[in-house]
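First the structure, in the form of structure tokens, and then the observations on it.
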Amino acid sequence: MAKTNTKTRTQGAAARSRLAPPTRGPTVVRLLPPASIVDEDPPLPPYMRAHENRRTGSVHFRCDVSTRMRKAGFPLPNLSLGTDLHQALSNYDAQFAPVLKEWKENAAAVALDLKPVVGSLEWAYVEYQTTDRYDALADETKLSYGKSIRRCCNYVPQTGRFAGRRFGTVPVRWMTEADVDNFYSEYVRITGVDDKGKETVRKRSATARNDIQTVRTMLNALKRKHPNLVMHNKANSFAGVYMPHRTVSPPPVKLEWLAPFVRTADRKGLKSVSAIVLYCWELEVRVTHYPYKFTCDQFRGPNHEDQIFVDAEKVGEQGWFELWDDDGHEMYHALRERLTELKGNRFGDEPLFLSERADRTRPWRPAELRAAIKEICEEAGLPPLNLSQFRKGGMEEAHLAGLTPAEFTATSLHANYGTVAKHYTQKHNPELAMNGQHKRINLRGRKRKRGIDIVT
């Protein structure tokens, strides 16, 4: 393009008056001269819009019809045309103009198959939702997978064989390993513009890694059902992608931070927040369940007078934990004391954790709970924390205490210990290193007793 899209948008109104939708005769194919000959951008035809991403500066063309046409049942309410203007105009003449012509001549809707192209990445997602593997996933996991796959489908690569084309429209069996590597190297970086107008590049390592792994999981679920449509040379191209960019997750909460947080929450009259944090720390519960769905009967309920319930929705596991051990010693005094006060005489499916900030009886809302935790951290002089960090803090404490893999998985309700070791335990924990150094010092002491000269 010879000039910026600002001029293109200003020419849109004039173009609509000159370019009427085709009404008779065959579809006119617009032959454009080479880019070097074009002095200015051609005007846009009816219903074609140029949308500029202010952060990246890129422009994407698409067709947007009027609200009246949408309500009347126009078969193409919106159509993506790509990022290249000349190619977008060609796509307009080939795809949108014939439908618009038919619509103008006959108000009846044109019967079109708007389903994804068979074999494309979008089609694979539709097929994946019909498999038993997808049905076995937890609801939270289904939502997460859907967001990841749709992000990949909606991304428009700027380089490579599929540049300017929405990735979801590309047939999966066309995607070589080199294509996927090129997609990841571009997808992991987000280009933006700061307040001074300078271009900035940041990495979304965690998002890119999760999205690639989710697509890989989806194709693995489909390779037995549609091997010729989702496999390139009988292999999953999304497997083995080299992803060197490290994901930096928030650190676990330290044990010495737990008491200031709980006491500050109690002082502010937020007993439910202190109970939520202790429940998260002691029983290593996932955040998706307990702040919003934990009921009165799940704490010392019928037939479980001395137990507390934990629901790990993400992995489909549930368990009851004892409040007293075999010797009659209380396991979680601070937690049990607060839960008893919150429960009172209530029972049944009524939520146990009620919001002290609400004007009526209801459980906490996610944004409301995050705001309360932020206030408590500021007043207690702690860095900004979230509930997942409290859960990781409890798991880190279990790791330092030397729990066996079987004990660890039974406590955290994980399917295998490998997941725990990979995602929830710090590799360079200073306390763990200190314990290791103590063992080395004790070894030197034993050798000194045997007469070996040791430098101390």
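We label chains A, B, ... in the order they appear in the structure tokens, count residues from 1 in each chain, and number ligands from 1 in the order shown.
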request  = Report the residues of segment 266-423 of chain A whose backbone DSSP state falls under helix (DSSP H, G or I), written as an MDAnalysis selection string.
outcome  = chainID A and resid 266:267 271:283 290:293 296:298 333:343 366:380 387:400 405:412 417:423
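Within segment 97-203 of chain A, DSSP run on the backbone puts these residues in strand (DSSP E): A:Arg189, A:Ile190, A:Thr191, A:Gly192, A:Val193, A:Glu199, A:Thr200, A:Val201, A:Arg202, A:Lys203.
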message = List as an NGL selection string the protein and nucleic acid residues near Leu339 of chain A, meaning an atom at most 9 Å away when only C-alpha atoms are counted, but skip any in the same chain fewer than 5 places from it.
response = :A and (271-272 or 275 or 299 or 334 or 344 or 352-353)
Show me, as CSV, the residues of segment 51-146 of chain A having an atom within 7 Å of segment 217-240 of chain A, each with the closest atom pair and its distance in Å, using only C-alpha atoms.
residue,atom,partner,partner_atom,distance
A:Gly119,CA,A:Leu229,CA,5.2
A:Tyr128,CA,A:Met218,CA,6.3
A:Arg133,CA,A:Ala221,CA,6.8
Limited to C-alpha atoms, could you put the picked residues into a file as a PDB file, in the first residue's frame?
ATOM      1  CA  GLY A 119     -10.168 -30.206   7.751  1.00  0.00           C
ATOM      2  CA  TYR A 128     -13.279 -32.167  19.157  1.00  0.00           C
ATOM      3  CA  ARG A 133     -12.251 -37.013  25.678  1.00  0.00           C
TER       4      ARG A 133
END
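Distances from A:His60, A:Ile441, A:Phe321, A:Arg70 to Ile454 of chain A were compared using only C-alpha atoms, and the smallest one belongs to A:Ile441.
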inquiry  = What does the structure give for the distance between atom CA of Thr169 of chain A and atom CA of Ala208 of chain A, in Å to one decimal?
reply    = 19.1 Å
message = Applying 10 Å and only C-alpha atoms, which residues near Thr67 of chain A remain after dropping the ones on its own chain fewer than 6 positions away? List them as a PyMOL selection string.
response = chain A and resi 73-74+77
Just-selected residues, N, CA and C atoms written as a tab-separated table (two decimals), in the first residue's frame:
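And here's result-v2.tsv as it stands now:
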chain	number	residue	atom	x	y	z
A	73	GLY	N	-31.97	-11.35	8.04
A	73	GLY	CA	-31.44	-12.68	7.75
A	73	GLY	C	-30.39	-12.72	6.67
A	74	PHE	N	-29.64	-11.63	6.46
A	74	PHE	CA	-28.58	-11.66	5.45
A	74	PHE	C	-27.58	-12.74	5.81
A	77	PRO	N	-23.41	-11.84	7.72
A	77	PRO	CA	-23.42	-10.63	8.55
A	77	PRO	C	-22.04	-10.02	8.72
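The two atoms in question, atom CA of Lys147 of chain A and atom CA of Gly168 of chain A, are spaced 13.1 Å apart.
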query = What gap, in Å, lies between atom CA of Lys71 of chain A and atom CA of Leu100 of chain A?
reply = 15.2 Å
